[in-house]
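Novice: Here you go, one structure.
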There are 2 protein chains.
Amino acid sequence: MAGEFALIDRYFARPTPSAVLGPGDDCALLQPSPGMQLAVTTDMLVADTHFLPDTDPKNLGWKALAVNLSDLAAMGAKPRWVTLAGALPAVDEAWIGKFAEGFFACASEYGVDVVGGDTTRGPLNLCVTAMGEVAPGQALRRDGAQPGDQIWVSGRPGLASLGLALLQGRIELPEPWPRLCIGALEKPRPRVALGLALRGVASAAIDVSDGLLADLAHIAERSGCAANVKLVQLPHLPKGESYDAVLRKMALECQLTGGDDYELCFTAPFAQHLALGRIAAELELPLWCIGEMTAGPAGTVTVLDPDDKPVEFDSKGYDHFA
Amino acid sequence: MAGEFALIDRYFARPTPSAVLGPGDDCALLQPSPGMQLAVTTDMLVADTHFLPDTDPKNLGWKALAVNLSDLAAMGAKPRWVTLAGALPAVDEAWIGKFAEGFFACASEYGVDVVGGDTTRGPLNLCVTAMGEVAPGQALRRDGAQPGDQIWVSGRPGLASLGLALLQGRIELPEPWPRLCIGALEKPRPRVALGLALRGVASAAIDVSDGLLADLAHIAERSGCAANVKLVQLPHLPKGESYDAVLRKMALECQLTGGDDYELCFTAPFAQHLALGRIAAELELPLWCIGEMTAGPAGTVTVLDPDDKPVEFDSKGYDHFA
């Protein structure tokens, strides 16, 4: 067994120009940039819980890294280094090769080195730890929002969970939405450039992994204020001839409570409105102002209809925001 | 489910005085010491592969952290911060409480802060990433051994696998060995103080996780030389009235090829002999000079009998060193 897994370890040992010492010793050795702070995050992905067991291993490799880079993005940190630990039920070199292809494609696109890891036998489990750098005082924390700050979200949250519904045959959508939704699910794009651009602009940020409202509630809770989200300010949903009331309700639920999107939700003072418009244009990434922080009870998120009346939802994942 | 796991996450969120920002945001924020390098290691522990499913959760918590601190020790790095990701089949608060007790006992003893983590549902799996600091050029790498360097090992490698054999009822040992062996298996002591003391003294180091000969072979391979281990220089084995030939053979195999010990195996020039004696006395930790690096084929480890004749073993885990 040791031999098999040593083989896998070598598979993941590629040049690490940004490290003093890469894989193959007891530890990797890294030289942090002078004066910078280190942002560190770890995520564990488990078959059945986080992905379908028959997920394309190349997509899975991409996503295992992307979800961690998304946490660095939400902190405004520049991704630098990652480690990968994995348990595999068997040594399937074709599967491993495709997984590595996706993982290193993401690493290469976002400029991180894979500096260490561990491989073992066990039920399929992938654990990535990512490290990035951010100057002291520049990190985008969850606890900096103030009443009156505007609430923003990037891209189109909800696409990933619509993509899952499509793959499971629960809905049908007209073109080009299937491609967009399944792409969002299978190959999420961590908003690293946005996170970097938001330093000094946003007052708080989080990535949308659990669902827009749930993640916004984390900002509200940590910041000691409340949040109002306006339905009419949400990004457009898929439209088409099959776009009936049932589908509209599901799409809205995906948008507000679906997870796995990895867009950034953030707050910023109104004075940053124009700066955010410029950032959106430069990054060619839509940014939507969807509401406002208020002085209400800490952690409360309220969705308002066009008449500013609270809307109630009956969906799992987010069960009280009357 | 989210609620249950949020509860667990809070269980592991304790004060982190050494971090700028601890658990609860997208990332932890750490301020590396000026000029120091960061040593990073990650290890994944899986039920059945690395520990018995009915292992005392307090011991498991200790060990999950200890094996990572051992990698930092082998690098000569000072432990600073760790993250913990875990998959649990169910939320068993009693189990989690005991696991956390052991994990934080180890963290407290070795002065590390638990700065972040992730908890999810899945087959039992624990992944720790540990970060330490070491001055540039001071790290104990595997690739620094030279022909003529002496080979050293701390403590009594083999105790842990003898402990496993005891628990499995495969052997009996006289007092005080059962206590020592089971203690070595269940609560390994990462040799952090030794690793720090070896900076500037040892030429190469590794921790004994796979077995003494296998880990020494890693040093030999990375250093481009060979290693001779002398049977008569190995630490004393358990003795007693039940210490027959079969037991002696098993004990020797455990000593040479048993894993899970987390002692340090290292090399040093002969000129450091006295310095190592002083370190052993100061740390109250036996250090054994067990052989010598040679100019032989890279990665080759040879065990010599009292007449300097090569000894052959038939054991799994290490199958060729004629």
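Naming scheme: A, B, ... for chains in displayed order of the structure tokens; residues 1 onward per chain; ligands 1 onward as shown.
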Would you list the contacts of segment 119-132 of chain A as a PyMOL selection string, taking every protein, DNA or RNA residue within 7 Å and counting only C-alpha atoms, but skipping same-chain residues closer than 6 positions in sequence?

Specialist: (chain A and resi 5+9+38-47+64-65+68-69+72+77-90) or (chain B and resi 46+49+123+127)

Novice: Would you please extract all strand (DSSP E or B) residues from segment 129-162 of chain A, as assigned by DSSP on the backbone, and give them as a PyMOL selection string?

Specialist: chain A and resi 129-134+150-154

Novice: Rounded to one decimal, what separation in Å do you get between atom CA of Arg278 of chain B and atom CA of Asp261 of chain B?

Specialist: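 Taking atom CA of Arg278 of chain B as the start and atom CA of Asp261 of chain B as the end point, the length is 23.1 Å.
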
Novice: Would you mind listing what lies within 6 Å of Ala298 of chain A as a ChimeraX atom specification, with only C-alpha atoms counted and same-chain residues fewer than 4 positions away left out?

Specialist: /A:220-221,224-226
